[in-house]
Amino acid sequence: MEAFISTLNGFIWSEALIYLCLGAGLFYSILTRFGQVRHFKEMWKLLLNGNTSEKGISSFQALAVSLSGRVGVGNIAGVAAAIGFGGPGAIFWMWVVAFLGASTAYVESTLGQLYKVEEEGEYRGGPAYYFERCLGWRWLGVVFAISAIIACGIFLPGVQANAVGNAVTQIFGGGNIVSTAFGDVGSHKLVALAIILLVLGFIIFGGIKRIASFTQVVVPFMALGYIIMALIIVFLNFDKVPGIFALIFSDAFSAQAGFGAAIGWGVKRGIYSNEAGQGTGPHAAAAAEVDHPSQQGLVQAFSVYVDTLFVCTATALMILITQQYNVVGTLSDGSFIIQHIDASTEIGSAAFTQMALYSVFGQFGQVFVGIALFFFAFTTILAYYYITETNVVYLNRLLNNRLPSMVFKFLIMFMVAYGTVNSAGYIWNLGDVGVGLMAWVNIVGILVIFMMYKPTMRCLKDYEDQKKAGGPITFDPVKLGIKNATFWENRLKQKEKA
């Protein structure tokens, strides 16, 4: 099975997907006239929108939910893996993916808002909804919904949980060996797993409101605390910073580090971390209560910056400044291009980051990474559950509610248990397959939507025109020639009656 997953992973993450992700980001950046730069100030203003309702959450809460999915293990272990396999230059390509991907995030999240619906007393939306309602291709909506359920409900939760288990072992040791159905597991991992499952169950049984309430408090706190730790290391080693940035830029195009490896690992881990184009962000974006679809699209574009340009860069600087990393060679003989630490250090884990913080802060640094990993991973699992639930609800519209959501709650909890006690390499490959499947379907789908209807470009121009005229901000899809945006059509009719 492990060999099959590795082969499938290599097929999905061929150069075609890597360049598709970069190409789509560049394409939308040009079309929006680099809106991710022009509207940076507007993004900050929109973050303060506190509008909520019984059916929707605020823009900031939606940002927090989507960030809980974006800011996860990929920011700690994923960055370490990118450096370990692709060299320091991989960080440059993560930045490129973030900058270009912000425009992709705008497009997919605006689509999520534009074609959202009201179901079970909540706003729901995402790629499955906009493929059906915009293109009229229900079959593509079903394909994405199934891919999302498999990826977010089965593959991806294990990646997050696995990193937590490894961090606990790194801090406290393995503990007593306990025989389980998954093999021999350290008692400390089992204690961490019990805590995760207990809190996870309490929150996911409370729906999007409880998830949003939890993440809007935890996500800003954990991200800020993590960045502060990185800034301390940067200031203590300020003289090394110019050299580190020079290393990143030079290594990004270095034949020694492998030009292809740097791009491949930078793009793969960049997409895994910031999720731009993956199709996960639109689910939280659709749940927001806003006056115009483009508003939440811009907010979600900002979340890509927070994830990669802030949090991932913080991790990279800590690792590179302290030189707590190795870079493996392209041969299979276990050789290293760069070796600063013990050869047995696991690259596909949080070990580089933990060692970097330990070198400066001692044992507190290791403990801090373990705590950060717990919250980063836990909130990401919550986001994965919400995405899974949304796509189950979508399929239930077609299957007369034959997919009980309770089953998927327990399925995610089982996969968290499985991921915690399994090996990192296998779990990462499973996660990559899930990300790749969703990215293929979503990116191709949103490009087709643009070629046929261009709704997001019409939305952006309409929003810019209204802002230029001084407002008020309203949205009339019919006036823009956008069909099947029934939620917004009905809202406008209700306002006119009032």
# chains A, B, ... in the order shown; residues from 1 in each chain; ligands from 1
>>> residues_around(residues="region 279-287 of chain A", least_positions_apart="5", cutoff="6 Å", atoms="only C-alpha atoms", output="PyMOL selection string")
chain A and resi 56+62+66+108-109+112-113+116+123-126+442
>>> residues_around(residues="Leu480 (chain A)", least_positions_apart="4", cutoff="9 Å", atoms="only C-alpha atoms", output="list in words")
Pro455, Arg458, Cys459, Asp462 and Asp476 of chain A
>>> closest_atom_pairs(of="region 372-415 of chain A", to="region 206-216 of chain A", cutoff="9 Å", atoms="only C-alpha atoms", output="JSON lines")
{"residue": "A:Thr379", "atom": "CA", "partner": "A:Thr215", "partner_atom": "CA", "distance": 6.7}
{"residue": "A:Leu382", "atom": "CA", "partner": "A:Ile211", "partner_atom": "CA", "distance": 6.8}
{"residue": "A:Ala383", "atom": "CA", "partner": "A:Ile211", "partner_atom": "CA", "distance": 8.0}
{"residue": "A:Tyr386", "atom": "CA", "partner": "A:Ile208", "partner_atom": "CA", "distance": 7.0}
>>> write_last_selection(atoms="C-alpha atoms", output="short mmCIF file (atom, residue, chain, number, x, y, z; two decimals), in the first residue's frame")
data_model
loop_
_atom_site.label_atom_id
_atom_site.label_comp_id
_atom_site.auth_asym_id
_atom_site.auth_seq_id
_atom_site.Cartn_x
_atom_site.Cartn_y
_atom_site.Cartn_z
CA THR A 379 -7.32 23.97 14.49
CA LEU A 382 -11.31 21.47 12.79
CA ALA A 383 -11.16 23.18 9.39
CA TYR A 386 -15.98 21.63 8.41
#
>>> atom_distance(atom1="CA of Lys467 (chain A)", atom2="CA of Leu47 (chain A)")
16.4 Å
>>> select_by_dssp(residues="region 123-369 of chain A", states="strand (DSSP E)", output="list in words")
Tyr123, Arg124, Ile177, Val178, Ser179, Thr180, Gly183, Asp184, Val185, Gly186, Asn326, Val327, Val328, Phe336, Ile337, Ile338 and Gln339 of chain A
>>> closest_residue(among="A:Cys134, A:Gly297, A:Ser303, A:Val241", to="Lys483 (chain A)", atoms="only C-alpha atoms")
A:Cys134
>>> closest_residue(among="A:Ser187, A:Thr169, A:Asn162, A:Ser294", to="Ala77 (chain A)", atoms="only C-alpha atoms")
A:Asn162
>>> atom_distance(atom1="CA of Ile341 (chain A)", atom2="CA of Ile233 (chain A)")
18.7 Å
>>> closest_residue(among="A:Gly266, A:Gly471, A:Gly165, A:Gly201", to="Leu22 (chain A)", atoms="only C-alpha atoms")
A:Gly266
>>> residues_around(residues="Gly74 (chain A)", least_positions_apart="2", cutoff="9 Å", atoms="only C-alpha atoms", output="number ranges by chain")
A: 70-72, 76-81, 160, 269-270, 272-274, 312
